[in-house]
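Here is the file start_12.txt (compact mmCIF, C-alpha atoms (C1' of nucleotides)).
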# COMPACT_ATOMS: atom_id res chain seq x y z
CA MET O 23 -132.41 -13.01 17.63
CA ALA O 24 -132.09 -16.79 18.07
CA GLY O 25 -129.56 -18.62 20.24
CA ARG O 26 -128.53 -22.26 20.42
CA PRO O 27 -131.23 -24.57 19.06
CA VAL O 28 -132.94 -27.14 21.27
CA ASP O 29 -131.26 -30.53 20.96
CA HIS O 30 -134.17 -32.97 20.79
CA GLN O 31 -131.92 -35.84 19.86
CA ARG O 32 -129.91 -35.39 23.03
CA ARG O 33 -133.06 -35.63 25.09
CA ALA O 34 -134.13 -38.77 23.26
CA GLU O 35 -130.73 -40.36 23.90
CA LEU O 36 -130.90 -39.55 27.58
CA LEU O 37 -134.47 -40.82 27.80
CA ASP O 38 -133.63 -44.18 26.24
CA ALA O 39 -130.66 -44.50 28.57
CA VAL O 40 -132.83 -43.68 31.56
CA VAL O 41 -135.43 -46.22 30.48
CA ASP O 42 -132.71 -48.84 30.12
CA TYR O 43 -131.49 -48.01 33.59
CA THR O 44 -135.01 -48.24 34.99
CA VAL O 45 -135.64 -51.59 33.34
CA GLU O 46 -132.46 -52.92 34.88
CA HIS O 47 -132.44 -51.31 38.31
CA GLY O 48 -136.12 -51.11 39.08
CA PHE O 49 -138.63 -48.40 39.44
CA SER O 50 -139.42 -48.03 43.12
CA GLU O 51 -136.16 -46.49 44.26
CA LEU O 52 -135.41 -44.39 41.23
CA SER O 53 -133.73 -41.08 42.03
CA TRP O 54 -131.80 -38.44 40.18
CA ARG O 55 -128.33 -38.99 41.56
CA PRO O 56 -127.79 -42.72 40.90
CA VAL O 57 -129.26 -42.41 37.42
CA ALA O 58 -127.06 -39.44 36.64
CA ALA O 59 -124.01 -41.27 37.94
CA ALA O 60 -124.81 -44.31 35.81
CA LEU O 61 -125.24 -42.18 32.70
CA GLY O 62 -122.12 -40.14 33.42
CA VAL O 63 -123.93 -36.83 33.63
CA SER O 64 -124.91 -34.48 36.41
CA THR O 65 -128.29 -34.50 38.08
CA THR O 66 -128.80 -30.96 36.86
CA THR O 67 -128.62 -32.17 33.27
CA LEU O 68 -131.42 -34.63 33.87
CA VAL O 69 -133.49 -32.01 35.63
CA HIS O 70 -132.95 -29.63 32.75
CA HIS O 71 -134.22 -32.15 30.20
CA PHE O 72 -137.03 -33.78 32.13
CA GLY O 73 -138.23 -31.17 34.61
CA THR O 74 -139.49 -32.53 37.89
CA LYS O 75 -139.13 -36.14 38.91
CA GLU O 76 -142.80 -36.78 38.46
CA GLN O 77 -142.59 -35.50 34.91
CA MET O 78 -139.63 -37.76 34.25
CA LEU O 79 -141.52 -40.79 35.56
CA GLU O 80 -144.37 -39.98 33.25
CA THR O 81 -141.96 -39.62 30.35
CA ILE O 82 -140.25 -42.90 31.19
CA LEU O 83 -143.55 -44.74 31.36
CA GLY O 84 -144.66 -43.31 28.07
CA ARG O 85 -141.48 -44.40 26.36
CA LEU O 86 -141.66 -47.83 27.97
CA ARG O 87 -145.22 -48.31 26.79
CA GLU O 88 -144.16 -47.23 23.33
CA ARG O 89 -141.42 -49.85 23.31
CA MET O 90 -143.41 -52.74 24.70
CA PHE O 91 -146.55 -52.15 22.72
CA ALA O 92 -144.69 -51.66 19.45
CA ALA O 93 -142.73 -54.86 20.02
CA THR O 94 -145.85 -57.00 20.17
CA SER O 95 -148.52 -55.09 18.28
CA GLU O 96 -146.75 -55.74 15.02
CA ALA O 97 -146.61 -59.43 15.84
CA VAL O 98 -150.36 -59.33 16.38
CA GLY O 99 -151.15 -57.32 13.30
CA ASP O 100 -149.62 -59.82 10.90
CA GLN O 101 -151.60 -62.80 12.19
CA PRO O 102 -154.69 -64.05 10.36
CA ASP O 103 -156.91 -64.69 13.38
CA LEU O 104 -157.12 -64.28 17.14
CA ALA O 105 -155.83 -67.71 18.06
CA THR O 106 -152.57 -67.33 16.17
CA ALA O 107 -152.29 -63.71 17.26
CA ALA O 108 -152.63 -64.72 20.90
CA ARG O 109 -150.09 -67.45 20.35
CA ALA O 110 -147.68 -64.92 18.85
CA VAL O 111 -148.18 -62.58 21.79
CA TRP O 112 -147.57 -65.35 24.28
CA THR O 113 -144.46 -66.56 22.49
CA ARG O 114 -143.09 -63.06 22.58
CA THR O 115 -143.99 -62.20 26.15
CA SER O 116 -142.79 -65.48 27.60
CA ASP O 117 -139.35 -64.96 26.07
CA PRO O 118 -136.85 -64.59 28.94
CA ARG O 119 -135.21 -61.70 27.13
CA GLN O 120 -138.35 -59.69 27.79
CA TRP O 121 -138.63 -60.56 31.44
CA ALA O 122 -136.83 -57.48 32.73
CA GLU O 123 -139.21 -55.20 30.90
CA PHE O 124 -142.23 -57.11 32.12
CA ARG O 125 -140.99 -57.09 35.68
CA LEU O 126 -140.87 -53.32 35.39
CA PHE O 127 -144.27 -53.35 33.73
CA PHE O 128 -145.88 -55.16 36.65
CA ALA O 129 -144.04 -53.02 39.17
CA VAL O 130 -145.49 -49.93 37.55
CA TYR O 131 -148.88 -51.60 37.27
CA GLY O 132 -148.97 -52.36 40.97
CA ARG O 133 -147.89 -48.90 41.94
CA ALA O 134 -150.36 -47.34 39.54
CA LEU O 135 -153.20 -49.20 41.23
CA GLN O 136 -152.28 -47.48 44.49
CA SER O 137 -151.74 -44.01 42.99
CA PRO O 138 -154.33 -43.86 40.22
CA GLN O 139 -154.28 -40.11 39.79
CA GLN O 140 -150.51 -40.00 39.36
CA PHE O 141 -150.49 -42.86 36.85
CA ALA O 142 -153.77 -42.06 35.14
CA ASP O 143 -152.11 -42.19 31.75
CA PHE O 144 -150.72 -45.66 32.38
CA LEU O 145 -154.03 -47.01 33.64
CA ASP O 146 -155.88 -45.51 30.70
CA HIS O 147 -153.74 -47.40 28.22
CA VAL O 148 -152.67 -50.56 30.03
CA VAL O 149 -155.75 -52.48 28.92
CA ALA O 150 -157.14 -50.32 26.14
CA ASP O 151 -154.09 -50.61 23.88
CA TRP O 152 -154.18 -54.39 23.83
CA MET O 153 -157.94 -54.52 23.65
CA GLY O 154 -157.77 -52.56 20.43
CA ALA O 155 -155.14 -54.78 18.89
CA LEU O 156 -156.83 -58.02 19.89
CA ARG O 157 -160.23 -56.82 18.75
CA ASP O 158 -158.81 -55.97 15.38
CA ALA O 159 -157.28 -59.44 15.17
CA GLN O 160 -160.77 -60.93 15.25
CA GLY O 161 -161.77 -59.18 12.06
CA PRO O 162 -164.49 -56.64 11.39
CA ASP O 163 -167.24 -59.26 11.13
CA ALA O 164 -166.92 -60.62 14.68
CA ASP O 165 -169.69 -59.97 17.16
CA PRO O 166 -168.58 -56.95 19.19
CA ALA O 167 -169.67 -58.40 22.53
CA THR O 168 -167.94 -61.70 21.90
CA ALA O 169 -164.85 -59.95 20.58
CA ALA O 170 -164.58 -57.79 23.70
CA ARG O 171 -165.14 -60.78 25.95
CA THR O 172 -162.50 -62.86 24.19
CA ALA O 173 -159.99 -60.03 24.02
CA THR O 174 -160.41 -59.34 27.73
CA LEU O 175 -159.88 -62.99 28.51
CA VAL O 176 -156.78 -63.27 26.34
CA ILE O 177 -155.17 -60.21 27.93
CA ALA O 178 -156.01 -61.35 31.44
CA THR O 179 -154.82 -64.92 30.95
CA ILE O 180 -151.55 -63.96 29.31
CA ARG O 181 -150.79 -61.41 32.01
CA GLY O 182 -151.80 -63.78 34.77
CA LEU O 183 -149.62 -66.54 33.37
CA LEU O 184 -146.77 -64.09 33.01
CA LEU O 185 -147.15 -63.09 36.65
CA ASP O 186 -146.86 -66.74 37.57
CA LEU O 187 -143.89 -67.30 35.29
CA LEU O 188 -141.98 -64.29 36.62
CA ALA O 189 -142.66 -65.25 40.21
CA THR O 190 -141.95 -68.97 40.06
CA GLY O 191 -139.80 -69.37 36.99
CA ASP O 192 -141.61 -72.64 36.39
CA ARG O 193 -141.61 -72.53 32.62
CA VAL O 194 -142.84 -76.09 32.10
CA ARG O 195 -145.98 -75.77 34.21
CA VAL O 196 -146.86 -72.29 32.94
CA GLN O 197 -146.20 -73.17 29.33
CA ASP O 198 -148.41 -76.22 29.76
CA ALA O 199 -151.25 -74.06 31.05
CA ALA O 200 -150.69 -71.55 28.26
CA GLU O 201 -150.97 -74.28 25.62
CA SER O 202 -154.18 -75.44 27.24
CA PHE O 203 -155.64 -71.96 27.04
CA LEU O 204 -154.49 -71.30 23.49
CA ALA O 205 -156.06 -74.58 22.43
CA THR O 206 -159.47 -73.35 23.56
CA LEU O 207 -159.06 -70.38 21.24
CA ASP O 208 -158.39 -72.76 18.36
CA ASP O 209 -161.51 -74.70 19.26
CA LYS O 210 -163.63 -71.57 19.32
CA ALA O 211 -162.45 -70.77 15.84
CA GLY O 212 -163.59 -74.20 14.71
CA ARG O 213 -160.08 -75.42 14.03
CA PRO O 214 -158.50 -78.48 15.58
CA SER O 215 -156.50 -77.76 18.68
CA ARG O 216 -152.83 -78.59 18.67
CA PRO O 217 -151.78 -81.62 20.61
CA HIS O 218 -149.75 -81.05 23.74
CA MET M 29 -135.05 -63.13 88.07
CA ALA M 30 -137.78 -62.15 85.58
CA GLY M 31 -138.88 -58.64 84.73
CA ARG M 32 -141.94 -57.37 82.86
CA PRO M 33 -143.33 -60.05 80.57
CA VAL M 34 -143.38 -59.63 76.80
CA ASP M 35 -146.74 -58.32 75.62
CA HIS M 36 -147.47 -60.37 72.51
CA GLN M 37 -151.01 -59.08 72.28
CA ARG M 38 -149.79 -55.51 72.09
CA ARG M 39 -147.56 -56.43 69.18
CA ALA M 40 -150.45 -58.17 67.42
CA GLU M 41 -152.65 -55.10 67.87
CA LEU M 42 -149.98 -52.82 66.45
CA LEU M 43 -149.34 -55.19 63.55
CA ASP M 44 -152.98 -55.32 62.52
CA ALA M 45 -153.17 -51.54 62.76
CA VAL M 46 -150.06 -51.20 60.62
CA VAL M 47 -151.46 -53.62 58.04
CA ASP M 48 -154.68 -51.62 57.94
CA TYR M 49 -152.68 -48.46 57.43
CA THR M 50 -150.66 -50.08 54.66
CA VAL M 51 -153.75 -51.36 52.89
CA GLU M 52 -155.19 -47.87 52.93
CA HIS M 53 -152.15 -45.69 52.30
CA GLY M 54 -150.10 -47.90 50.06
CA PHE M 55 -146.89 -49.73 50.32
CA SER M 56 -144.30 -47.86 48.29
CA GLU M 57 -143.90 -44.82 50.54
CA LEU M 58 -144.28 -46.52 53.87
CA SER M 59 -142.10 -45.04 56.62
CA TRP M 60 -141.96 -45.11 60.38
CA ARG M 61 -143.00 -41.58 61.21
CA PRO M 62 -146.31 -41.28 59.32
CA VAL M 63 -147.38 -44.74 60.48
CA ALA M 64 -146.52 -43.93 64.08
CA ALA M 65 -148.38 -40.64 63.87
CA ALA M 66 -151.47 -42.36 62.45
CA LEU M 67 -151.42 -44.97 65.21
CA GLY M 68 -150.79 -42.38 67.92
CA VAL M 69 -147.51 -43.91 69.05
CA SER M 70 -143.88 -42.97 68.70
CA THR M 71 -141.61 -44.32 66.01
CA THR M 72 -139.48 -45.84 68.75
CA THR M 73 -142.40 -48.01 69.80
CA LEU M 74 -142.72 -49.42 66.31
CA VAL M 75 -139.01 -49.99 66.06
CA HIS M 76 -139.05 -51.74 69.41
CA HIS M 77 -141.77 -54.17 68.31
CA PHE M 78 -140.76 -54.78 64.72
CA GLY M 79 -137.02 -54.27 64.59
CA THR M 80 -135.73 -52.82 61.32
CA LYS M 81 -137.95 -51.53 58.58
CA GLU M 82 -137.18 -54.48 56.38
CA GLN M 83 -138.26 -56.83 59.14
CA MET M 84 -141.48 -54.89 59.56
CA LEU M 85 -142.22 -55.13 55.86
CA GLU M 86 -141.71 -58.85 56.00
CA THR M 87 -144.01 -59.08 59.01
CA ILE M 88 -146.66 -56.96 57.31
CA LEU M 89 -146.55 -59.11 54.20
CA GLY M 90 -146.84 -62.28 56.23
CA ARG M 91 -149.88 -60.98 58.08
CA LEU M 92 -151.44 -59.73 54.85
CA ARG M 93 -150.98 -63.10 53.21
CA GLU M 94 -152.48 -64.76 56.24
CA ARG M 95 -155.52 -62.51 55.99
CA MET M 96 -156.08 -62.80 52.26
CA PHE M 97 -155.45 -66.49 51.96
CA ALA M 98 -157.62 -67.37 54.94
CA ALA M 99 -160.46 -65.26 53.57
CA THR M 100 -160.66 -67.27 50.36
CA SER M 101 -159.20 -70.67 51.16
CA GLU M 102 -162.17 -71.52 53.34
CA ALA M 103 -164.49 -70.53 50.53
CA VAL M 104 -162.57 -72.92 48.29
CA GLY M 105 -162.45 -75.76 50.75
CA ASP M 106 -166.19 -76.05 51.11
CA GLN M 107 -166.87 -76.38 47.41
CA PRO M 108 -167.50 -79.78 45.82
CA ASP M 109 -165.43 -79.31 42.66
CA LEU M 110 -163.03 -76.99 40.92
CA ALA M 111 -165.61 -75.13 38.85
CA THR M 112 -167.68 -74.04 41.82
CA ALA M 113 -164.55 -73.41 43.85
CA ALA M 114 -163.18 -71.12 41.15
CA ARG M 115 -166.53 -69.38 40.98
CA ALA M 116 -166.45 -68.84 44.73
CA VAL M 117 -162.95 -67.42 44.54
CA TRP M 118 -163.88 -65.07 41.75
CA THR M 119 -167.01 -63.89 43.53
CA ARG M 120 -164.94 -63.10 46.58
CA THR M 121 -162.01 -61.44 44.85
CA SER M 122 -164.16 -59.30 42.57
CA ASP M 123 -166.00 -57.85 45.56
CA PRO M 124 -165.21 -54.11 45.70
CA ARG M 125 -164.74 -54.36 49.44
CA GLN M 126 -161.61 -56.41 48.77
CA TRP M 127 -160.17 -54.07 46.18
CA ALA M 128 -157.93 -52.14 48.56
CA GLU M 129 -156.28 -55.33 49.74
CA PHE M 130 -155.78 -56.57 46.20
CA ARG M 131 -154.35 -53.27 45.08
CA LEU M 132 -151.79 -53.69 47.84
CA PHE M 133 -151.31 -57.31 46.82
CA PHE M 134 -150.41 -56.38 43.26
CA ALA M 135 -148.23 -53.50 44.42
CA VAL M 136 -146.24 -55.94 46.53
CA TYR M 137 -146.23 -58.47 43.71
CA GLY M 138 -144.75 -55.98 41.28
CA ARG M 139 -142.13 -54.84 43.72
CA ALA M 140 -141.26 -58.40 44.63
CA LEU M 141 -140.55 -59.19 40.99
CA GLN M 142 -137.91 -56.47 41.00
CA SER M 143 -136.40 -57.36 44.38
CA PRO M 144 -136.70 -61.16 44.46
CA GLN M 145 -134.21 -61.73 47.25
CA GLN M 146 -135.90 -59.26 49.57
CA PHE M 147 -139.35 -60.69 48.92
CA ALA M 148 -138.37 -64.31 48.56
CA ASP M 149 -140.98 -65.37 51.10
CA PHE M 150 -143.74 -63.62 49.19
CA LEU M 151 -142.70 -65.09 45.86
CA ASP M 152 -142.43 -68.55 47.35
CA HIS M 153 -146.05 -68.49 48.48
CA VAL M 154 -147.81 -66.20 46.03
CA VAL M 155 -148.56 -69.05 43.64
CA ALA M 156 -147.92 -72.14 45.73
CA ASP M 157 -150.60 -71.38 48.33
CA TRP M 158 -153.35 -71.16 45.76
CA MET M 159 -152.00 -74.04 43.74
CA GLY M 160 -152.37 -76.26 46.76
CA ALA M 161 -155.92 -75.16 47.49
CA LEU M 162 -157.07 -75.45 43.89
CA ARG M 163 -155.41 -78.83 43.42
CA ASP M 164 -157.18 -80.14 46.48
CA ALA M 165 -160.46 -78.84 45.09
CA GLN M 166 -160.08 -81.22 42.14
CA GLY M 167 -160.11 -84.26 44.39
CA PRO M 168 -157.49 -86.90 44.96
CA ASP M 169 -158.43 -88.89 41.85
CA ALA M 170 -157.66 -86.18 39.32
CA ASP M 171 -154.73 -86.58 37.00
CA PRO M 172 -151.84 -84.65 38.59
CA ALA M 173 -150.66 -83.09 35.35
CA THR M 174 -154.15 -81.95 34.38
CA ALA M 175 -154.83 -80.73 37.90
CA ALA M 176 -151.69 -78.61 37.93
CA ARG M 177 -152.44 -77.24 34.48
CA THR M 178 -155.99 -76.32 35.39
CA ALA M 179 -155.04 -74.82 38.75
CA THR M 180 -152.36 -72.70 37.09
CA LEU M 181 -154.83 -71.47 34.53
CA VAL M 182 -157.47 -70.64 37.12
CA ILE M 183 -155.04 -68.64 39.23
CA ALA M 184 -153.63 -66.79 36.25
CA THR M 185 -157.00 -65.95 34.74
CA ILE M 186 -158.52 -64.73 37.98
CA ARG M 187 -155.51 -62.56 38.74
CA GLY M 188 -155.34 -61.24 35.20
CA LEU M 189 -159.02 -60.37 35.24
CA LEU M 190 -158.59 -58.72 38.60
CA LEU M 191 -155.71 -56.64 37.24
CA ASP M 192 -158.03 -55.50 34.47
CA LEU M 193 -160.87 -54.79 36.86
CA LEU M 194 -158.74 -52.75 39.23
CA ALA M 195 -157.21 -50.74 36.41
CA THR M 196 -160.31 -50.01 34.36
CA GLY M 197 -163.16 -50.45 36.82
CA ASP M 198 -165.15 -51.91 33.92
CA ARG M 199 -167.12 -54.46 35.91
CA VAL M 200 -169.50 -55.42 33.13
CA ARG M 201 -166.85 -56.32 30.59
CA VAL M 202 -164.60 -58.12 33.08
CA GLN M 203 -167.48 -60.00 34.67
CA ASP M 204 -168.58 -61.07 31.22
CA ALA M 205 -165.14 -62.47 30.48
CA ALA M 206 -165.05 -64.16 33.87
CA GLU M 207 -168.35 -65.91 33.24
CA SER M 208 -167.03 -67.08 29.90
CA PHE M 209 -163.98 -68.58 31.53
CA LEU M 210 -165.86 -70.19 34.41
CA ALA M 211 -168.21 -71.78 31.88
CA THR M 212 -165.30 -73.62 30.29
CA LEU M 213 -164.53 -75.13 33.69
CA ASP M 214 -168.09 -76.40 33.91
CA ASP M 215 -167.74 -77.92 30.46
CA LYS M 216 -164.52 -79.68 31.36
CA ALA M 217 -166.27 -81.23 34.32
CA GLY M 218 -168.92 -82.59 31.97
CA ARG M 219 -171.63 -80.37 33.38
CA PRO M 220 -173.67 -77.92 31.36
CA SER M 221 -172.30 -74.41 31.37
CA ARG M 222 -174.47 -71.68 32.82
CA PRO M 223 -176.09 -69.38 30.33
CA HIS M 224 -174.89 -65.81 30.31
C1' DC C 13 -117.01 -9.62 16.89
C1' DT C 14 -121.64 -9.43 20.10
C1' DA C 15 -125.99 -11.05 21.73
C1' DT C 16 -128.85 -14.77 22.77
C1' DT C 17 -130.23 -19.20 23.92
C1' DC C 18 -129.31 -23.96 25.20
C1' DT C 19 -126.50 -27.21 27.73
C1' DT C 20 -123.90 -28.70 31.58
C1' DT C 21 -121.99 -28.45 36.10
C1' DG C 22 -121.17 -27.50 41.20
C1' DT C 23 -123.21 -26.08 45.20
C1' DA C 24 -126.42 -25.44 48.73
C1' DC C 25 -130.84 -25.54 51.10
C1' DG C 26 -134.71 -27.66 53.52
C1' DG C 27 -136.83 -31.91 54.23
C1' DT C 28 -137.45 -36.84 55.21
C1' DC C 29 -135.46 -41.06 55.95
C1' DG C 30 -133.76 -45.15 59.18
C1' DT C 31 -131.90 -45.85 63.41
C1' DG C 32 -129.03 -45.47 67.62
C1' DC C 33 -128.92 -43.55 72.30
C1' DT C 34 -130.81 -42.13 76.80
C1' DA C 35 -134.17 -42.11 80.18
C1' DG C 36 -138.43 -42.59 82.57
C1' DA C 37 -142.77 -45.39 83.46
C1' DA C 38 -144.86 -49.93 84.06
C1' DA C 39 -144.97 -54.68 85.31
C1' DT C 40 -143.14 -58.71 87.00
C1' DG C 41 -140.22 -62.13 90.61
C1' DT C 42 -137.81 -62.28 94.96
C1' DA Z 17 -138.72 -52.87 99.41
C1' DC Z 18 -135.74 -54.14 95.38
C1' DA Z 19 -133.82 -55.80 90.98
C1' DT Z 20 -134.89 -56.82 86.36
C1' DT Z 21 -137.01 -56.58 82.10
C1' DT Z 22 -140.30 -54.55 78.88
C1' DC Z 23 -142.54 -50.61 77.00
C1' DT Z 24 -142.68 -45.96 75.43
C1' DA Z 25 -140.90 -41.56 74.36
C1' DG Z 26 -137.74 -37.71 72.90
C1' DC Z 27 -133.73 -36.47 70.62
C1' DA Z 28 -129.78 -36.40 67.53
C1' DC Z 29 -126.94 -38.11 63.94
C1' DG Z 30 -125.61 -39.06 59.20
C1' DA Z 31 -127.44 -40.11 54.69
C1' DC Z 32 -130.17 -39.32 50.87
C1' DC Z 33 -133.82 -36.93 48.66
C1' DG Z 34 -135.78 -33.20 45.13
C1' DT Z 35 -134.67 -29.03 43.41
C1' DA Z 36 -133.46 -24.06 43.17
C1' DC Z 37 -129.58 -21.06 41.97
C1' DA Z 38 -125.40 -19.15 39.82
C1' DA Z 39 -121.91 -19.66 36.51
C1' DA Z 40 -119.28 -21.48 32.72
C1' DG Z 41 -119.01 -23.58 27.94
C1' DA Z 42 -121.19 -24.30 23.32
C1' DA Z 43 -123.88 -23.21 19.36
C1' DT Z 44 -126.57 -20.27 16.73
C1' DA Z 45 -128.08 -15.33 14.28
C1' DG Z 46 -126.88 -10.90 13.22
Show this structure as C-alpha cells.
Amino acid sequence: MAGRPVDHQRRAELLDAVVDYTVEHGFSELSWRPVAAALGVSTTTLVHHFGTKEQMLETILGRLRERMFAATSEAVGDQPDLATAARAVWTRTSDPRQWAEFRLFFAVYGRALQSPQQFADFLDHVVADWMGALRDAQGPDADPATAARTATLVIATIRGLLLDLLATGDRVRVQDAAESFLATLDDKAGRPSRPH
Amino acid sequence: MAGRPVDHQRRAELLDAVVDYTVEHGFSELSWRPVAAALGVSTTTLVHHFGTKEQMLETILGRLRERMFAATSEAVGDQPDLATAARAVWTRTSDPRQWAEFRLFFAVYGRALQSPQQFADFLDHVVADWMGALRDAQGPDADPATAARTATLVIATIRGLLLDLLATGDRVRVQDAAESFLATLDDKAGRPSRPH
DNA sequence: CTATTCTTTGTACGGTCGTGCTAGAAATGT
DNA sequence: ACATTTCTAGCACGACCGTACAAAGAATAG
C-alpha cells in the first residue's frame, strides 16, 4: 500500500545548503547546475525537491527571512525599551559576520522592487516583520501613531546606515552616525544620551 | 585620409533610450536582443556603439547616476541650510514620478553589493556624491566631524525611508516618519520644528 | 518474496544568451 | 571618381539555461 516515506529532513538539509551557497555566491546568477555541483548532487535532485526554479527561489527567500529575523528578533524581545532594542539590533546587524547575509538581503530587496508580483511574499514581510517587533518593544502603553512613526524611522535608519556601511566599508563614520541616531532615541525616552 | 566621422549624437540618443528601457523593464534580465527590438535596431548596432555587455552596463549606470544626481543636487545647492536641503531632497525623492528610477537604483545597489569589483564605480560614488552635496549644504564653518555625521545620517534615513516606501507603498506612515526626522534637523539648527 | 513509492542520476530538447564574422549602405577627404 | 571609415544588419557558433523524460537504486508495507 505505502512505499518509501518522504524524507523531509533531506529536503531541509539541501535547503540550508542551498541558502548557504546563495549567501556566498549571490542571488542574481543562481542556476541549477552550479548549485548542484557545489552540493555534490545532480540538478535533477534539486528539481525533485524544490520543483521549478521560481519555487526554489521562493523557498530560499523564506528560509533566509526565517534565519535573519530569528537572529535579531530575540535580541529585540529581551530589551526593556525601544532605545536599547534598537541599539541591540544595530550592534547585531553591523557585525561583519552578518554582512554576507545582508548583502544578499539587499540584493533580493532591490530585485523585489522591480518584480513585485514575483516577490510579493518578500515585500509583504520585509517591513512588517520588523515593525511588529519594534512596536512591541515600545510597550503596550505607547501611543500607536508615535510607535509606528518611531518604528518606521528606526528600521529605515538602520537599513540606510547598513547600505552605507556595506558600500563604503567606512565603519568609523557610519558607527558615528549610528550613535548619533541612537542617542536621539535615548533622549525621547527621557534618559540621558550616551556620550560619543 | 578620413572616412565617415563618428556620430557621437547617435550614441547619446541610443544610450538615453537604453537607460529609459532599463528604468522601465528592470536591470537583472537585461540582454541585447530585447533592448534592440524595443529600440527598433539590431543587436549589432548596440554592440557596435557600446562594446561588450559589461561595458554597456557600466555606461548605463554612469548615465543613470548623472541623471539622478543632477536632478537632486541642484535642488540641494539652492537651499540655505541642511534642514531645508534635506527637506528638498526628500520631497523630490518621494515623488512617485521618480519611483521607477529609484527602484532601478536600489536594484543596482543590491547587485553591486554582491559584485563589488564589477560595480566598483557605482559603489565609489553611491555615497560620496551625496556626502559632498550635503556637506556643502552645511556651510564652510560647520564642524567637519559633525557635518560628516549629519550628512551620513540624512543619506541613510532618506534611503531607508525610500526603501520602505517603495516596498509597502504606505505613503502616510513613511511621510509621517520623514517629517519626524526632518524636524530633528530643524531643532539641531536651533530653529523651531514644524508642527505635524 | 512482490508491489509501491521516493530518491537520485544521465540524457536530451528547445530556447536564450553574448559575440564574432561578413557584407552592404552612408558619409567623409582627396 | 575613389579610398577610407563608420554605421547597420543578418547570420552562425558555442555556451548555458530550465526542465521533461526514462531508468536504476533504496526504503517501506504486505
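The shortest atom-to-atom distance to chain O, with only C-alpha atoms taken into account, belongs to M:Ala206 out of M:Val104, M:Met96, M:Ala206, M:Ala114.
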Each residue of chain O with at least one atom at most 9 Å from chain M should appear once, together with its nearest atom pair and the corresponding distance in Å (one decimal); atoms considered: all atoms listed in the file; ordering: chain, then increasing residue number; output as CSV.
residue,atom,partner,partner_atom,distance
O:Glu46,CA,M:Gln142,CA,8.9
O:His47,CA,M:Gln142,CA,8.0
O:Gly48,CA,M:Gln142,CA,6.0
O:Phe49,CA,M:Gln142,CA,8.3
O:Ser50,CA,M:Ser56,CA,7.1
O:Ala122,CA,M:Gln142,CA,8.4
O:Arg125,CA,M:Leu141,CA,5.7
O:Leu126,CA,M:Gln142,CA,7.1
O:Phe127,CA,M:Gly138,CA,8.0
O:Phe128,CA,M:Gly138,CA,4.8
O:Ala129,CA,M:Gly138,CA,3.7
O:Val130,CA,M:Gly138,CA,7.1
O:Tyr131,CA,M:Gly138,CA,7.2
O:Gly132,CA,M:Ala135,CA,3.7
O:Arg133,CA,M:Ala135,CA,5.2
O:Ala134,CA,M:Ala135,CA,8.1
O:Leu135,CA,M:Arg131,CA,5.7
O:Gln136,CA,M:Gly54,CA,6.0
O:Ser137,CA,M:Gly54,CA,8.2
O:Pro138,CA,M:Ala195,CA,8.4
O:Leu145,CA,M:Ala195,CA,5.6
O:Asp146,CA,M:Thr196,CA,7.3
O:Val148,CA,M:Ala195,CA,7.8
O:Val149,CA,M:Asp192,CA,6.7
O:Ala150,CA,M:Thr196,CA,8.8
O:Ala167,CA,M:Arg201,CA,8.8
O:Ala170,CA,M:Arg201,CA,7.4
O:Arg171,CA,M:Ala205,CA,4.8
O:Thr172,CA,M:Ala205,CA,6.8
O:Ala173,CA,M:Ala205,CA,8.6
O:Thr174,CA,M:Ala205,CA,6.3
O:Leu175,CA,M:Ala205,CA,5.6
O:Val176,CA,M:Thr185,CA,8.8
O:Ile177,CA,M:Gly188,CA,7.3
O:Ala178,CA,M:Gly188,CA,3.8
O:Thr179,CA,M:Thr185,CA,4.5
O:Ile180,CA,M:Gly188,CA,7.5
O:Arg181,CA,M:Gly188,CA,5.6
O:Gly182,CA,M:Ala184,CA,3.8
O:Leu183,CA,M:Ala184,CA,4.9
O:Leu184,CA,M:Ala184,CA,8.1
O:Leu185,CA,M:Ala184,CA,7.5
O:Asp186,CA,M:Val155,CA,6.7
O:Leu188,CA,M:Leu141,CA,6.9
O:Ala189,CA,M:Leu151,CA,5.7
O:Thr190,CA,M:Leu151,CA,7.0
O:Arg195,CA,M:Arg177,CA,6.6
O:Val196,CA,M:Thr180,CA,6.9
O:Asp198,CA,M:Arg177,CA,6.3
O:Ala199,CA,M:Arg177,CA,4.8
O:Ala200,CA,M:Leu181,CA,7.5
O:Ser202,CA,M:Arg177,CA,7.7
O:Phe203,CA,M:Leu181,CA,7.5
O:Thr206,CA,M:Thr212,CA,8.9
Handout entry: Distance query range 29-37 of chain Z at most 12 Å, all atoms listed in the file, self and fewer than 4 positions along chain excluded, as an MDAnalysis selection string
Key = (chainID O and resid 51:56 65:66 68:70 73:76) or (chainID C and resid 22:33)
Those same residues, written as a short mmCIF file (atom, residue, chain, number, x, y, z; two decimals), in the frame of the given file with C-alpha atoms (C1' of nucleotides)?
data_model
loop_
_atom_site.label_atom_id
_atom_site.label_comp_id
_atom_site.auth_asym_id
_atom_site.auth_seq_id
_atom_site.Cartn_x
_atom_site.Cartn_y
_atom_site.Cartn_z
CA GLU O 51 -136.16 -46.49 44.26
CA LEU O 52 -135.41 -44.39 41.23
CA SER O 53 -133.73 -41.08 42.03
CA TRP O 54 -131.80 -38.44 40.18
CA ARG O 55 -128.33 -38.99 41.56
CA PRO O 56 -127.79 -42.72 40.90
CA THR O 65 -128.29 -34.50 38.08
CA THR O 66 -128.80 -30.96 36.86
CA LEU O 68 -131.42 -34.63 33.87
CA VAL O 69 -133.49 -32.01 35.63
CA HIS O 70 -132.95 -29.63 32.75
CA GLY O 73 -138.23 -31.17 34.61
CA THR O 74 -139.49 -32.53 37.89
CA LYS O 75 -139.13 -36.14 38.91
CA GLU O 76 -142.80 -36.78 38.46
"C1'" DG C 22 -121.17 -27.50 41.20
"C1'" DT C 23 -123.21 -26.08 45.20
"C1'" DA C 24 -126.42 -25.44 48.73
"C1'" DC C 25 -130.84 -25.54 51.10
"C1'" DG C 26 -134.71 -27.66 53.52
"C1'" DG C 27 -136.83 -31.91 54.23
"C1'" DT C 28 -137.45 -36.84 55.21
"C1'" DC C 29 -135.46 -41.06 55.95
"C1'" DG C 30 -133.76 -45.15 59.18
"C1'" DT C 31 -131.90 -45.85 63.41
"C1'" DG C 32 -129.03 -45.47 67.62
"C1'" DC C 33 -128.92 -43.55 72.30
#
